[in-house]
Amino acid sequence: MTDRPHRLIWSTVFLVVAIAVVFVRVAPFLAPGTLPARGDPSLPFPGSDLTPQFAPFTKIASDVLFKQGKIAFWNPFVLCGAPLFETPQAGVVSLATLLGGPLDYIAAVKISMVIHLVAGMIGVFIFGRRLGVRPLSAATGSLMFGLGGFLLDHFRIGHLNLIYATTIMPWVFLAFSQAQRSARVLSSSALVAGLLIAIQILEGGDTAVFYELFALALAIPVALALREPGIARRSLCIVAVIGAVAFVLSAFQLVPMAAYMRLTGRAGGISLAQALRPFHESQHRLPGVLALGLLGVGIAGSWHRARFIRMNVIWLGAIAVGSIAVAVSPAVFSALWHVVPGFSYQRVPERALVLMAVTGPVLVARGLETVSIFVGRVWKGFTLGSVIGVVVAGVGIEAWLRSAAMPPMASVSRELEANDAMQWVAAHANGARMHVAETSDRNWGTEHDTVPLGIEVIAGYTPSDHHDYLKGELDSPVRRTFLQATYQNPAVLWGMLDVRFLLSTIPRSLPGFRLATVAKPCPVEICQPRKSSGPYIYENMRCLPRAWTVTHAVVFVGSEAEANFQAALDVLVQPWFDPATLVVLQVQPGTPISAADLTFATDSSSSSMVPMWDDGALEKIRSLTTQIKGEVVTANPVVRPNANRIYITDAKPGWLVVSERIGLFPGWGARANGGEVTIERANGVLGAIHLRARSDVDLRYRPRGFCAGLVVLGLGTLLFAGWKIAFSAIGNRKT
């Protein structure tokens, strides 16, 4: 047997053993048909974001792709409709989405996580081998990666966006390292690194990708510190190429994401105080003592190695030390927050340890190799093997003991079957929406029940939403938002959102609601959170259809969208406001609105043409409503051919109000009888269209910037391909 096949066999054996150990650790997570238990404030364990957020994202994206033949641009199941494709963490274009066609969404999510985990372990192993590490040491590093506290803690929490990006990152660093050795800046390795980062972006890896790009750029000052200006210049060019390739390949989603984020509560980043707010996601944020010792040995022992190994190990060491400093030192995080673009969007400083999660295991492998060489000079044969075996076992045991236990798992089908309240709503909703009385913000959603049952809700579990609709965890506590305001007049305003049923854990007496039924209680051990199963179900007697026509309108005009919105809220919360007979429009100066009963300016930009908004103006609107009471709302049949389209037939003349947030997010377009019509923002967060005659209205959603992103993808791909072919031809001629 030659030396190379012998090493290949041992490499395979050691790597398979490492993967098997990690599989044993995550085995409870892999139980078929289960997702992490959602949790409840009354239960002793924290809930997982995988169940109410990432798994429903996957189901919606997969169903729309494989059953409707469309990309899931729009999510109709939460928040009166919400962008999905543009949500950075959603990962609409991901492995889980693709697996959701042949598999159910639960299996698709889990298998995608396992595939990424194994791929990450293999990446660490190969990177270690490229740095001169023997198979046993490389496999030990791979084991450290698979059992890493950061990675498994986010397995437990269910952050697919971090899991996917973390497990691809070893390959990005490996490709970058190989690109540094190539004679060409636009090498295959640089292109591969850019492609991998594009995949990370498409799979939702926002925070991890930010820190990863920061780590790649760190190679430049490291090379300068080691007096390698040539490598520093080369690294700068490679980073630029990788960034350009990543942007080009992900532009069709990255450009719409940027447009969407400008509308959310995180549009301008967050304050430093919010960013530094104590919040621990990992039980063991740093490696154990033995692992840290080997990591230090790996860095120190690289000084006398070959130039390529020394450069890479020092670079990885700088990344590891830097990630620890950012994660544990408020002073370091604060300094970067003030000087580094993009840091003002980062929260939970310990997420910087994603870099340690990747570089630490490679450095541990390098350290174990250094120990092996040193011990080998003293002992040989069985004694050497015993000593190294003890060290490897110690590292493995320490990693096992510090790795996160998997969360309690729950059968999805069992919960859905036991949740009589949700089953009853699904059977009686007839396309209308529902709401959970105990939900007034972004937290503790019930989408793990509602999405599989096809129920639409007006709240939901979301990282960030439009700052006018929903108060996020980072938003100002004093600013009024729409969902918050609806609690002042719930029957009318929830009815305007097509909410027919309300779930409640306690008996309630709300004007406009009647008790429809009391469902069979479901134990919180099965139905989580407790509020997801009622048992009290109330019917809203003021529920409006999904689309209706009114003939009276009040217009707020002003250049400041915030002033327009707050003025609209002033009207909506009045007890005399009736959306069945009056629509409140919010428009910019210069917008032609011919069919308006009253028009008010909300800033000085239009005050010379129309009266200013004040308390007296509110009385004028109230007076108007007394003249139009008694008019009957005209409903319009609504069909949703797919998630991104709404079709309304035989709409009557007047203002067609659609109970969907079509006026809130750019990207919605409307056609009436084949011609384009304008969507105006209405009733705070909805949309309305003025029709002069009976019309069939076709509403379609395509994110702003999607087509531009496709153009960038096409032209950029051609440019890089042409550049690559041209330089390859020149190189072949020289050869």
# chains A, B, ... in the order shown; residues from 1 in each chain; ligands from 1
>>> residues_around(residues="Asn673 of chain A", least_positions_apart="5", cutoff="10 Å", atoms="only C-alpha atoms", output="NGL selection string")
:A and (649-650 or 693-698)
>>> write_last_selection(atoms="N, CA and C atoms", output="PDB file, in the first residue's frame")
ATOM      1  N   THR A 649     -62.393  40.946  -8.763  1.00  0.00           N
ATOM      2  CA  THR A 649     -63.302  40.996  -9.907  1.00  0.00           C
ATOM      3  C   THR A 649     -64.458  41.963  -9.663  1.00  0.00           C
ATOM      4  N   ASP A 650     -64.878  42.599 -10.735  1.00  0.00           N
ATOM      5  CA  ASP A 650     -66.080  43.439 -10.749  1.00  0.00           C
ATOM      6  C   ASP A 650     -66.091  44.469  -9.620  1.00  0.00           C
ATOM      7  N   ALA A 693     -64.809  53.406 -13.099  1.00  0.00           N
ATOM      8  CA  ALA A 693     -65.819  52.523 -13.686  1.00  0.00           C
ATOM      9  C   ALA A 693     -65.632  51.128 -13.109  1.00  0.00           C
ATOM     10  N   ARG A 694     -66.607  50.259 -13.349  1.00  0.00           N
ATOM     11  CA  ARG A 694     -66.470  48.871 -12.915  1.00  0.00           C
ATOM     12  C   ARG A 694     -65.198  48.276 -13.523  1.00  0.00           C
ATOM     13  N   SER A 695     -64.463  47.561 -12.697  1.00  0.00           N
ATOM     14  CA  SER A 695     -63.154  47.097 -13.162  1.00  0.00           C
ATOM     15  C   SER A 695     -62.804  45.749 -12.547  1.00  0.00           C
ATOM     16  N   ASP A 696     -62.012  44.990 -13.298  1.00  0.00           N
ATOM     17  CA  ASP A 696     -61.302  43.838 -12.752  1.00  0.00           C
ATOM     18  C   ASP A 696     -59.887  44.309 -12.436  1.00  0.00           C
ATOM     19  N   VAL A 697     -59.490  44.179 -11.187  1.00  0.00           N
ATOM     20  CA  VAL A 697     -58.213  44.727 -10.730  1.00  0.00           C
ATOM     21  C   VAL A 697     -57.230  43.596 -10.476  1.00  0.00           C
ATOM     22  N   ASP A 698     -56.051  43.734 -11.069  1.00  0.00           N
ATOM     23  CA  ASP A 698     -54.991  42.733 -10.926  1.00  0.00           C
ATOM     24  C   ASP A 698     -53.822  43.371 -10.177  1.00  0.00           C
TER      25      ASP A 698
END
>>> closest_atom_pairs(of="segment 545-610 of chain A", to="segment 658-662 of chain A", cutoff="10 Å", atoms="only C-alpha atoms", output="CSV")
residue,atom,partner,partner_atom,distance
A:Pro545,CA,A:Ser659,CA,7.8
A:Arg546,CA,A:Ser659,CA,5.1
A:Ala547,CA,A:Val658,CA,4.4
A:Trp548,CA,A:Val658,CA,6.8
A:Thr549,CA,A:Val658,CA,8.9
>>> residues_around(residues="segment 273-280 of chain A", least_positions_apart="4", cutoff="10 Å", atoms="only C-alpha atoms", output="list in words")
Gly269, His284, Arg285, Ala327, Ser329, Pro330, Phe333, Ser334, Trp337, Phe343, Ser344, Tyr345, Gln346, Arg347, Val348, Pro349, Glu350, Arg351, Glu473, Leu474 and Asp475 of chain A
>>> closest_residue(among="A:Gln283, A:Ser623, A:Ser188, A:Thr486", to="Ile238 of chain A", atoms="only C-alpha atoms")
A:Ser188
>>> atom_distance(atom1="atom CA of Asn161 of chain A", atom2="atom CA of Met356 of chain A")
17.1 Å
